[in-house]
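*Asks:* To be precise about what I am sending: the file is called start.txt and holds compact mmCIF, C-alpha atoms.
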```
# COMPACT_ATOMS: atom_id res chain seq x y z
CA MET A 1 -45.87 -103.53 57.26
CA ILE A 2 -43.63 -101.66 54.83
CA ASP A 3 -41.70 -98.59 56.01
CA ILE A 4 -43.63 -95.55 54.72
CA ARG A 5 -40.32 -93.80 54.08
CA ARG A 6 -39.38 -96.43 51.50
CA ILE A 7 -42.73 -95.97 49.79
CA LYS A 8 -42.35 -92.18 49.67
CA GLU A 9 -38.72 -92.26 48.52
CA ASN A 10 -39.34 -94.51 45.50
CA PRO A 11 -43.02 -95.37 44.98
CA GLU A 12 -42.50 -96.72 41.43
CA GLN A 13 -39.86 -99.16 42.62
CA ILE A 14 -42.14 -100.32 45.43
CA LYS A 15 -44.99 -100.83 42.96
CA ALA A 16 -42.76 -102.91 40.68
CA MET A 17 -41.58 -105.09 43.58
CA LEU A 18 -45.14 -105.68 44.77
CA ARG A 19 -46.34 -106.47 41.22
CA SER A 20 -43.77 -109.29 41.07
CA ARG A 21 -45.83 -111.12 43.68
CA GLU A 22 -48.84 -111.31 41.33
CA VAL A 23 -51.30 -110.83 44.21
CA SER A 24 -54.98 -110.02 43.73
CA LEU A 25 -54.57 -106.57 45.33
CA ASP A 26 -54.09 -103.67 42.90
CA CYS A 27 -50.77 -102.68 44.45
CA ASP A 28 -50.28 -99.61 42.21
CA ALA A 29 -53.61 -98.16 43.32
CA ALA A 30 -52.91 -99.13 46.94
CA VAL A 31 -49.55 -97.34 46.96
CA ASP A 32 -51.08 -94.23 45.35
CA ARG A 33 -53.88 -94.16 47.92
CA ILE A 34 -51.40 -94.62 50.79
CA LEU A 35 -49.39 -91.62 49.56
CA GLU A 36 -52.57 -89.52 49.29
CA LEU A 37 -53.64 -90.47 52.80
CA ASP A 38 -50.17 -89.86 54.23
CA ALA A 39 -50.12 -86.37 52.72
CA ALA A 40 -53.64 -85.66 54.02
CA ARG A 41 -52.69 -86.97 57.45
CA ARG A 42 -49.64 -84.73 57.66
CA GLU A 43 -51.59 -81.70 56.44
CA LEU A 44 -54.32 -82.28 59.02
CA ILE A 45 -51.79 -82.67 61.82
CA ALA A 46 -49.98 -79.46 60.81
CA SER A 47 -53.26 -77.54 60.47
CA THR A 48 -54.50 -78.75 63.85
CA GLU A 49 -51.24 -77.89 65.59
CA ALA A 50 -51.32 -74.39 64.04
CA LYS A 51 -54.90 -73.83 65.21
CA LYS A 52 -54.06 -75.06 68.72
CA ALA A 53 -51.08 -72.70 68.84
CA GLU A 54 -53.31 -69.81 67.75
CA GLN A 55 -55.91 -70.87 70.34
CA ASN A 56 -53.30 -70.80 73.10
CA LYS A 57 -51.94 -67.44 71.96
CA VAL A 58 -55.37 -65.78 71.88
CA SER A 59 -56.46 -67.28 75.20
CA LYS A 60 -53.45 -65.70 76.91
CA GLN A 61 -54.51 -62.26 75.60
CA ILE A 62 -58.01 -62.35 77.09
CA PRO A 63 -57.10 -61.39 80.72
CA MET A 64 -55.06 -58.42 79.51
CA LEU A 65 -57.82 -57.20 77.18
CA LYS A 66 -60.41 -57.53 79.94
CA LYS A 67 -58.17 -55.50 82.25
CA GLN A 68 -58.00 -52.78 79.59
CA GLY A 69 -61.79 -52.77 79.40
CA GLN A 70 -61.93 -53.98 75.81
CA ASP A 71 -64.80 -56.04 74.39
CA VAL A 72 -63.66 -59.69 74.33
CA ALA A 73 -66.87 -61.10 72.81
CA PRO A 74 -65.35 -61.24 69.28
CA ILE A 75 -62.39 -63.10 70.69
CA PHE A 76 -64.62 -65.65 72.37
CA GLN A 77 -66.38 -66.08 69.05
CA GLN A 78 -62.99 -66.62 67.38
CA MET A 79 -62.06 -69.16 70.08
CA ALA A 80 -65.32 -71.07 69.56
CA GLU A 81 -64.67 -71.22 65.82
CA LEU A 82 -61.11 -72.49 66.42
CA LYS A 83 -62.40 -75.12 68.82
CA SER A 84 -64.95 -76.30 66.28
CA GLN A 85 -62.32 -76.42 63.51
CA ILE A 86 -59.93 -78.42 65.73
CA ALA A 87 -62.68 -80.89 66.61
CA GLU A 88 -63.55 -81.32 62.92
CA ASN A 89 -59.86 -81.82 62.08
CA ASP A 90 -59.52 -84.42 64.83
CA LYS A 91 -62.56 -86.31 63.51
CA THR A 92 -61.25 -86.23 59.94
CA LEU A 93 -57.77 -87.24 61.10
CA THR A 94 -59.17 -90.29 62.91
CA GLU A 95 -60.94 -91.37 59.73
CA VAL A 96 -57.87 -90.75 57.54
CA GLU A 97 -55.54 -92.60 59.91
CA ALA A 98 -57.92 -95.58 60.09
CA GLU A 99 -58.03 -95.87 56.29
CA TYR A 100 -54.27 -95.28 56.06
CA ARG A 101 -53.58 -98.10 58.52
CA THR A 102 -55.95 -100.46 56.70
CA TRP A 103 -54.16 -99.88 53.41
CA MET A 104 -50.72 -100.21 55.00
CA LEU A 105 -51.72 -103.53 56.59
CA SER A 106 -53.07 -104.77 53.26
CA LEU A 107 -49.75 -104.45 51.42
CA PRO A 108 -47.72 -107.67 51.19
CA ASN A 109 -44.07 -107.68 52.19
CA LEU A 110 -41.44 -106.57 49.68
CA PRO A 111 -39.73 -109.62 48.14
CA ASP A 112 -35.95 -109.71 48.30
CA PRO A 113 -34.40 -108.33 45.08
CA ASP A 114 -32.96 -111.71 44.02
CA LEU A 115 -36.37 -113.44 43.95
CA VAL A 116 -37.71 -114.33 40.50
CA PRO A 117 -41.09 -112.70 39.75
CA GLY A 118 -44.16 -114.85 39.13
CA GLY A 119 -45.69 -117.99 40.58
CA LYS A 120 -44.59 -121.50 41.50
CA GLU A 121 -43.58 -122.29 37.92
CA ASN A 122 -40.57 -120.04 38.59
CA ASN A 123 -39.47 -121.77 41.80
CA GLU A 124 -35.80 -122.79 41.72
CA PRO A 125 -34.53 -126.10 43.15
CA LEU A 126 -31.20 -125.24 44.79
CA ARG A 127 -29.93 -128.67 45.84
CA TYR A 128 -30.88 -132.31 46.17
CA TYR A 129 -29.93 -134.80 48.86
CA GLY A 130 -29.81 -138.54 48.34
CA GLU A 131 -31.46 -140.61 45.64
CA ALA A 132 -35.15 -141.05 44.86
CA HIS A 133 -36.56 -144.18 46.49
CA LYS A 134 -37.06 -147.22 44.23
CA PHE A 135 -38.95 -150.43 44.96
CA ASP A 136 -38.53 -153.95 43.57
CA PHE A 137 -42.20 -154.64 44.43
CA GLU A 138 -45.52 -152.82 44.02
CA PRO A 139 -45.54 -150.26 46.87
CA LYS A 140 -48.69 -149.48 48.84
CA HIS A 141 -50.30 -146.12 49.56
CA HIS A 142 -49.75 -144.82 53.10
CA VAL A 143 -53.51 -144.93 53.78
CA ASP A 144 -53.54 -148.68 53.13
CA LEU A 145 -50.34 -149.29 55.09
CA CYS A 146 -51.52 -147.23 58.09
CA THR A 147 -54.90 -148.97 58.09
CA GLU A 148 -53.49 -152.50 57.78
CA LEU A 149 -50.91 -151.88 60.54
CA GLY A 150 -53.41 -150.16 62.84
CA LEU A 151 -51.48 -146.87 62.87
CA ILE A 152 -54.27 -144.50 61.79
CA ASP A 153 -58.04 -144.75 62.10
CA TYR A 154 -59.43 -142.61 59.32
CA GLU A 155 -63.06 -143.73 59.64
CA ARG A 156 -63.38 -142.90 63.32
CA GLY A 157 -61.52 -139.62 62.82
CA THR A 158 -64.19 -138.65 60.31
CA LYS A 159 -66.90 -139.89 62.67
CA LEU A 160 -65.58 -137.73 65.51
CA ALA A 161 -64.86 -134.50 63.60
CA GLY A 162 -65.72 -134.84 59.90
CA ALA A 163 -63.66 -135.09 56.72
CA GLY A 164 -60.04 -133.98 57.01
CA PHE A 165 -59.44 -135.46 60.48
CA TRP A 166 -57.88 -138.74 61.63
CA ILE A 167 -56.91 -140.58 64.82
CA TYR A 168 -53.43 -141.91 65.58
CA THR A 169 -53.77 -145.31 67.26
CA GLY A 170 -51.39 -147.75 68.94
CA MET A 171 -47.94 -147.68 67.32
CA GLY A 172 -49.13 -144.87 65.06
CA ALA A 173 -49.61 -142.60 68.07
CA ARG A 174 -46.24 -143.66 69.49
CA LEU A 175 -44.52 -143.10 66.13
CA GLU A 176 -46.06 -139.63 65.82
CA TRP A 177 -44.85 -138.73 69.32
CA ALA A 178 -41.40 -140.16 68.58
CA LEU A 179 -41.11 -137.74 65.66
CA LEU A 180 -42.00 -134.82 67.91
CA ASN A 181 -39.53 -135.94 70.59
CA TYR A 182 -36.80 -136.23 67.96
CA PHE A 183 -37.44 -132.67 66.75
CA ILE A 184 -37.54 -131.32 70.30
CA ASP A 185 -34.27 -132.98 71.31
CA CYS A 186 -32.52 -131.60 68.22
CA HIS A 187 -33.73 -128.04 68.86
CA LEU A 188 -32.76 -128.14 72.53
CA ALA A 189 -29.30 -129.39 71.59
CA ASP A 190 -28.96 -126.41 69.25
CA GLY A 191 -29.69 -123.96 72.05
CA TYR A 192 -33.29 -123.04 71.18
CA GLU A 193 -35.69 -122.19 74.00
CA MET A 194 -38.77 -124.41 74.21
CA VAL A 195 -42.05 -122.60 74.84
CA ILE A 196 -45.64 -123.82 75.08
CA VAL A 197 -48.04 -121.23 73.70
CA PRO A 198 -51.84 -120.86 73.90
CA HIS A 199 -53.64 -122.64 71.08
CA MET A 200 -56.35 -119.96 71.07
CA LEU A 201 -55.18 -116.46 70.16
CA GLU A 202 -56.65 -112.96 69.93
CA TYR A 203 -56.91 -110.86 66.78
CA ARG A 204 -53.68 -108.86 67.11
CA CYS A 205 -51.64 -112.05 66.89
CA GLY A 206 -53.00 -112.68 63.41
CA GLU A 207 -52.50 -109.03 62.49
CA THR A 208 -48.88 -108.95 63.68
CA THR A 209 -47.89 -112.10 61.83
CA GLY A 210 -49.52 -110.74 58.63
CA GLN A 211 -52.34 -113.26 58.28
CA PHE A 212 -54.99 -110.64 59.17
CA PRO A 213 -56.89 -108.79 57.92
CA LYS A 214 -56.63 -110.53 54.51
CA PHE A 215 -56.98 -114.13 55.73
CA ALA A 216 -59.14 -113.52 58.80
CA ASP A 217 -61.91 -115.68 57.32
CA GLU A 218 -59.62 -118.67 56.81
CA VAL A 219 -59.12 -119.55 60.50
CA TYR A 220 -61.36 -121.34 63.00
CA LYS A 221 -62.92 -118.52 65.01
CA ILE A 222 -63.99 -119.01 68.63
CA ALA A 223 -67.20 -117.49 70.01
CA ASN A 224 -66.82 -116.27 73.58
CA PRO A 225 -69.85 -114.55 75.14
CA ASN A 226 -67.64 -113.14 77.91
CA ASP A 227 -65.07 -111.47 75.64
CA GLU A 228 -65.82 -109.13 72.74
CA ARG A 229 -62.39 -109.68 71.15
CA MET A 230 -62.14 -112.00 68.17
CA HIS A 231 -60.32 -115.25 69.07
CA PHE A 232 -59.21 -118.05 66.78
CA MET A 233 -57.41 -121.40 66.83
CA LEU A 234 -53.82 -120.93 65.74
CA PRO A 235 -52.96 -122.10 62.20
CA THR A 236 -49.27 -122.37 63.16
CA ALA A 237 -47.14 -121.60 66.22
CA GLU A 238 -45.59 -118.73 64.24
CA THR A 239 -48.82 -116.79 64.80
CA ALA A 240 -48.18 -116.89 68.55
CA LEU A 241 -44.39 -116.61 68.51
CA ALA A 242 -44.41 -113.51 66.29
CA SER A 243 -46.30 -111.69 69.06
CA PHE A 244 -44.13 -112.98 71.92
CA HIS A 245 -42.27 -109.62 72.09
CA ARG A 246 -45.08 -107.46 70.69
CA ASP A 247 -44.98 -103.82 71.88
CA GLU A 248 -41.62 -104.40 73.57
CA ILE A 249 -38.18 -102.80 73.27
CA LEU A 250 -35.49 -105.44 73.68
CA SER A 251 -31.86 -104.85 74.58
CA GLU A 252 -29.29 -105.73 71.94
CA ALA A 253 -27.94 -108.37 74.33
CA GLU A 254 -31.28 -110.23 74.20
CA LEU A 255 -30.84 -110.91 70.48
CA PRO A 256 -30.96 -113.30 68.86
CA HIS A 257 -33.85 -114.89 70.71
CA LYS A 258 -34.23 -118.43 69.37
CA MET A 259 -37.39 -120.34 70.25
CA PHE A 260 -39.43 -123.31 69.19
CA ALA A 261 -42.92 -124.50 70.06
CA TYR A 262 -44.96 -127.64 69.54
CA THR A 263 -48.62 -127.08 68.67
CA PRO A 264 -51.42 -128.75 66.83
CA CYS A 265 -52.23 -126.52 63.86
CA PHE A 266 -55.79 -125.80 62.78
CA ARG A 267 -56.56 -124.96 59.16
CA ARG A 268 -59.91 -124.47 57.47
CA GLU A 269 -58.35 -125.57 54.19
CA ALA A 270 -59.50 -129.13 53.60
CA GLY A 271 -57.88 -132.06 51.86
CA SER A 272 -58.27 -131.94 48.11
CA HIS A 273 -60.30 -134.41 46.10
CA ARG A 274 -57.24 -135.49 44.14
CA ALA A 275 -56.63 -139.22 44.38
CA ASP A 276 -52.95 -138.70 45.21
CA GLU A 277 -53.76 -136.47 48.21
CA ARG A 278 -56.06 -138.80 50.10
CA GLY A 279 -55.11 -139.58 53.67
CA MET A 280 -53.21 -137.17 55.88
CA VAL A 281 -51.30 -135.03 53.36
CA ARG A 282 -53.84 -132.23 53.87
CA GLY A 283 -56.11 -131.88 56.87
CA HIS A 284 -57.83 -129.51 59.25
CA GLN A 285 -55.56 -130.41 62.21
CA PHE A 286 -51.97 -131.59 62.25
CA ASN A 287 -48.93 -131.51 64.53
CA LYS A 288 -45.95 -129.26 63.95
CA ILE A 289 -42.93 -127.89 65.71
CA GLU A 290 -42.06 -124.37 64.65
CA MET A 291 -38.69 -122.63 64.99
CA PHE A 292 -38.64 -118.85 65.39
CA GLN A 293 -35.94 -116.19 65.72
CA TYR A 294 -35.83 -112.51 66.62
CA THR A 295 -32.55 -111.11 65.30
CA LEU A 296 -30.55 -107.97 64.62
CA PRO A 297 -31.18 -106.72 61.05
CA GLU A 298 -27.57 -107.36 60.02
CA LYS A 299 -27.79 -110.94 61.32
CA SER A 300 -31.04 -112.02 59.64
CA ASP A 301 -29.42 -113.53 56.52
CA GLU A 302 -27.15 -115.61 58.74
CA ALA A 303 -30.15 -116.68 60.84
CA PHE A 304 -32.05 -117.67 57.69
CA GLU A 305 -29.26 -119.97 56.52
CA GLU A 306 -29.09 -121.48 60.02
CA LEU A 307 -32.81 -122.29 59.99
CA VAL A 308 -32.60 -123.81 56.51
CA GLY A 309 -29.65 -125.95 57.59
CA LYS A 310 -31.50 -127.14 60.69
CA ALA A 311 -34.60 -128.14 58.72
CA GLU A 312 -32.48 -129.94 56.14
CA LYS A 313 -30.61 -131.87 58.83
CA LEU A 314 -33.83 -133.04 60.48
CA VAL A 315 -35.05 -134.46 57.19
CA LYS A 316 -31.64 -135.84 56.23
CA ASP A 317 -31.21 -137.74 59.52
CA LEU A 318 -34.61 -139.38 59.00
CA GLY A 319 -33.11 -140.91 55.86
CA PHE A 320 -35.20 -139.08 53.26
CA HIS A 321 -34.30 -138.00 49.77
CA PHE A 322 -35.26 -134.32 49.50
CA ARG A 323 -34.67 -131.10 47.67
CA THR A 324 -34.41 -127.48 48.83
CA VAL A 325 -36.37 -125.02 46.70
CA LYS A 326 -36.11 -121.24 46.53
CA LEU A 327 -39.62 -119.86 46.06
CA SER A 328 -40.43 -117.18 43.52
CA ALA A 329 -41.83 -113.83 44.63
CA GLY A 330 -45.37 -114.91 43.82
CA ASP A 331 -45.22 -118.31 45.54
CA ALA A 332 -43.63 -117.10 48.77
CA SER A 333 -46.00 -116.12 51.57
CA ALA A 334 -47.26 -112.54 51.23
CA THR A 335 -45.72 -111.71 54.61
CA MET A 336 -42.23 -112.99 53.79
CA ALA A 337 -39.30 -111.39 51.97
CA ARG A 338 -37.88 -114.81 51.04
CA THR A 339 -38.79 -118.47 51.55
CA TYR A 340 -37.06 -121.81 50.98
CA ASP A 341 -39.10 -125.02 51.06
CA ILE A 342 -37.74 -128.43 52.00
CA GLU A 343 -39.59 -130.97 49.84
CA ILE A 344 -39.56 -134.76 50.18
CA GLN A 345 -40.91 -137.51 48.00
CA ILE A 346 -44.11 -139.30 48.92
CA PRO A 347 -44.01 -142.20 46.42
CA SER A 348 -47.79 -142.42 45.92
CA MET A 349 -47.92 -138.74 44.96
CA ASN A 350 -45.36 -139.02 42.15
CA GLY A 351 -43.56 -135.88 43.14
CA TYR A 352 -42.32 -133.68 45.96
CA LYS A 353 -44.28 -132.24 48.88
CA GLU A 354 -43.19 -129.45 51.23
CA VAL A 355 -42.45 -130.59 54.79
CA SER A 356 -40.70 -127.44 55.98
CA SER A 357 -40.96 -123.82 54.95
CA VAL A 358 -38.24 -121.43 56.17
CA SER A 359 -38.88 -117.71 55.78
CA ASN A 360 -37.43 -114.30 56.57
CA ALA A 361 -39.96 -111.53 57.19
CA ARG A 362 -37.24 -108.88 57.63
CA ASP A 363 -38.86 -106.03 59.66
CA TYR A 364 -42.37 -106.53 58.19
CA GLN A 365 -43.85 -108.34 61.20
CA ALA A 366 -41.88 -106.23 63.68
CA ARG A 367 -43.44 -103.05 62.30
CA ARG A 368 -46.92 -104.56 62.52
CA GLY A 369 -46.28 -105.67 66.11
CA ASN A 370 -44.13 -102.69 67.20
CA ILE A 371 -41.22 -104.98 68.17
CA ARG A 372 -37.95 -103.06 68.57
CA PHE A 373 -34.51 -103.13 70.18
CA ARG A 374 -32.07 -100.53 71.49
CA ARG A 375 -28.54 -100.31 70.05
CA GLU A 376 -25.96 -100.50 72.83
CA ALA A 377 -23.48 -98.17 71.13
CA THR A 378 -25.87 -95.39 70.13
CA GLY A 379 -29.06 -95.90 72.11
CA LYS A 380 -30.96 -95.79 68.82
CA ILE A 381 -34.21 -97.78 68.70
CA GLU A 382 -34.71 -99.98 65.62
CA TYR A 383 -37.04 -102.74 64.48
CA VAL A 384 -35.92 -106.35 64.88
CA HIS A 385 -36.08 -108.93 62.09
CA THR A 386 -38.21 -112.06 62.49
CA LEU A 387 -37.75 -115.48 60.91
CA ASN A 388 -39.56 -118.78 61.16
CA GLY A 389 -39.14 -122.36 59.97
CA SER A 390 -41.05 -125.61 60.29
CA GLY A 391 -39.05 -128.07 62.26
CA LEU A 392 -41.07 -130.10 61.18
CA ALA A 393 -44.73 -130.73 60.24
CA THR A 394 -45.52 -134.40 60.82
CA SER A 395 -48.57 -134.75 58.56
CA ARG A 396 -46.33 -135.18 55.52
CA ILE A 397 -43.28 -136.64 57.24
CA PHE A 398 -45.43 -139.50 58.56
CA PRO A 399 -46.86 -140.67 55.19
CA ALA A 400 -43.47 -140.25 53.48
CA MET A 401 -41.81 -142.29 56.23
CA VAL A 402 -44.43 -145.03 55.99
CA GLU A 403 -44.30 -145.24 52.21
CA GLN A 404 -40.53 -144.94 51.74
CA ASN A 405 -39.72 -147.41 54.51
CA GLN A 406 -42.24 -150.11 53.59
CA ARG A 407 -41.13 -153.64 52.81
CA ALA A 408 -42.65 -156.20 50.48
CA ASP A 409 -44.37 -158.02 53.37
CA GLY A 410 -46.24 -154.84 54.39
CA SER A 411 -44.06 -154.02 57.41
CA ILE A 412 -42.35 -150.66 57.97
CA VAL A 413 -38.75 -150.03 58.98
CA ILE A 414 -38.48 -147.37 61.70
CA PRO A 415 -35.83 -144.66 61.03
CA GLU A 416 -32.83 -145.22 63.27
CA VAL A 417 -33.05 -141.79 64.96
CA LEU A 418 -36.55 -142.63 66.25
CA ARG A 419 -35.86 -146.06 67.71
CA LYS A 420 -34.69 -144.83 71.11
CA TYR A 421 -38.14 -143.28 71.63
CA LEU A 422 -39.81 -146.62 70.84
CA GLY A 423 -37.91 -148.91 73.17
CA GLY A 424 -35.42 -149.91 70.49
CA MET A 425 -38.10 -151.23 68.09
CA GLU A 426 -36.80 -151.43 64.52
CA VAL A 427 -39.80 -152.66 62.51
CA ILE A 428 -43.57 -152.24 62.72
CA GLU A 429 -45.34 -155.40 61.63
CA LYS A 430 -48.91 -156.62 61.64
```
Please go through the file and, once you have read it, give me the structure as structure tokens.

*Replies:*
Amino acid sequence: MIDIRRIKENPEQIKAMLRSREVSLDCDAAVDRILELDAARRELIASTEAKKAEQNKVSKQIPMLKKQGQDVAPIFQQMAELKSQIAENDKTLTEVEAEYRTWMLSLPNLPDPDLVPGGKENNEPLRYYGEAHKFDFEPKHHVDLCTELGLIDYERGTKLAGAGFWIYTGMGARLEWALLNYFIDCHLADGYEMVIVPHMLEYRCGETTGQFPKFADEVYKIANPNDERMHFMLPTAETALASFHRDEILSEAELPHKMFAYTPCFRREAGSHRADERGMVRGHQFNKIEMFQYTLPEKSDEAFEELVGKAEKLVKDLGFHFRTVKLSAGDASATMARTYDIEIQIPSMNGYKEVSSVSNARDYQARRGNIRFRREATGKIEYVHTLNGSGLATSRIFPAMVEQNQRADGSIVIPEVLRKYLGGMEVIEK
């Protein structure tokens, strides 16, 4: 949620910043309506307070007037009118505040000033690591390799749950778990706290993280006859971690709070019908470890660079060629002020695919979730900054690892950092 003071101080600047995102929402009209509602809200509050003050003043006069033998019937009539006006104001205020909140929640985050306007065509590769993989034989697609080596059972995955699902089998299941163990060990070594969060969340989690109300129809909702609240399967651990300190006031000493969580992630978005995206590049369920930080505002840029560096190191130590890309204002998530993607090559896809997305929400999520901290020196209460980063998603790491590490005989070389989790095994063969 954007600070209303920033909107009121320079609405035209805010409109221009929001337009750079090229979202479907008419941001100019939204900002204008928010300002109208804010003015109406303040006027109603002031009017109601004035009427209540008058009501209190008049009510104190009634005993004295009665004692003097004066007729107080007109005063009672005046009091009844004031009471009716206050009730009407309260009703109108409730309606105005509900619409005001809906519009405020609908606005995307303000992109950082250095972000280029527009969509993904304006994304900027910042750096490359390593060389693109080259083969001296005709390489196979990861679907064929995984099937021939018994790593993934696509047919039974579809039988159990439908298109967009798969089953890890045998060494495939062990290799997937080795990746997760590798990520976990690295995060623990860096001083991050491991948490295990519920995989089913309630509505306010989606609202705090910024996915709701706009994307409320894009999650798997859960029907519960014993609970009227809307519940859903989490699309990413960020949705849970962003609400970890919701409605809390932290001490300055508690920041930064660095966490990570492993979860399966559930997305209604299905795999595309493109030939180069068959397999497990897109699916309804995949495994991911998510890093998350709550920080002081003045430390959030430093935290962002730390998260980017951690994601890059994870990919680098797996032996991948990759690039780090700064997303344009329109391609970054609507909830984030800035985002860098780590992209690796999956040979069969003839290009780069994102395996980690690192983002800084600034105080946008904190305002939505009422997450604050108290300054030690002044006692002032301020909003924290929140950041998140994939560390990492396996559904693209796995196919890239299989394809890049394949040999002419159809076997796969296991990255060195994973071998200790697989009993020292170096190669997966038929």

*Asks:* Compare A:Gln61, A:Asn10, A:Thr378, A:Ser106 by their minimum atom-to-atom distance to Ala30 (chain A), counting all atoms listed in the file, and give me the closest one.

*Replies:*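 Between A:Gln61, A:Asn10, A:Thr378, A:Ser106, the residue approaching Ala30 (chain A) most closely is A:Ser106.
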
*Asks:* Can you pull out the residues contacting Arg338 (chain A)? Cut-off 12 Å, using all atoms listed in the file, and skip same-chain residues under 5 positions away; I want them as JSON, numbers by chain.

*Replies:* {"A": [21, 109, 110, 111, 112, 113, 114, 115, 116, 117, 123, 300, 301, 304, 305, 308, 325, 326, 327, 328, 329, 330, 331, 332, 333, 357, 358, 359, 360, 361, 362, 364, 386, 387, 388, 389]}

*Asks:* Set the distance at 8 Å and use only C-alpha atoms: which residues neighbour region 415-423 of chain A once local chain neighbours fewer than 5 positions away are removed? I'd like the list as a list in words.

*Replies:* Arg174, Leu175, Ala178, Leu179, Asn181, Tyr182, Asp317, Leu318 and Gly319 of chain A

*Asks:* Can you tell me which residues surround Tyr192 (chain A) at a distance of at most 6 Å, considering all atoms listed in the file, apart from same-chain residues fewer than 3 positions away, and format the answer as a ChimeraX atom specification?

*Replies:* /A:187-188,258-259

*Asks:* Nearest to Met401 (chain A): which of A:Leu180, A:Ala261, A:Val315, A:Ile86 is it, counting all atoms listed in the file?

*Replies:* A:Val315

*Asks:* Could you jot down the CA of Phe266 (chain A) to CA of Thr147 (chain A) separation for me, Å, one decimal place?

*Replies:* 23.7 Å

*Asks:* Determine, counting all atoms listed in the file, which protein, DNA and RNA residues have an atom within 8 Å of an atom of Lys83 (chain A); residues of the same chain fewer than 4 positions away are not included. Present the result as number ranges by chain.

*Replies:* A: 55, 79, 87

*Asks:* Take CA of Asp363 (chain A) and CA of Leu255 (chain A) and report the distance between them in Å, one decimal.

*Replies:*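 Atom-to-atom, CA of Asp363 (chain A) to CA of Leu255 (chain A), that is 14.3 Å.
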
*Asks:* Find the residue from A:Ser411, A:Thr339, A:Asn226, A:Thr263 that sits nearest to Met194 (chain A); use all atoms listed in the file when measuring.

*Replies:*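 The answer is A:Thr263, which sits nearest to Met194 (chain A).
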
*Asks:* Quick one: everything within 10 Å of His142 (chain A), counting all atoms listed in the file, minus sequence neighbours fewer than 3 positions away in the same chain. Send it as number ranges by chain.

*Replies:* A: 139, 145-148, 152, 278-281, 346-348, 398-404, 406

*Asks:* CA of Glu290 (chain A) and CA of Tyr262 (chain A), how far apart in Å?

*Replies:* 6.6 Å
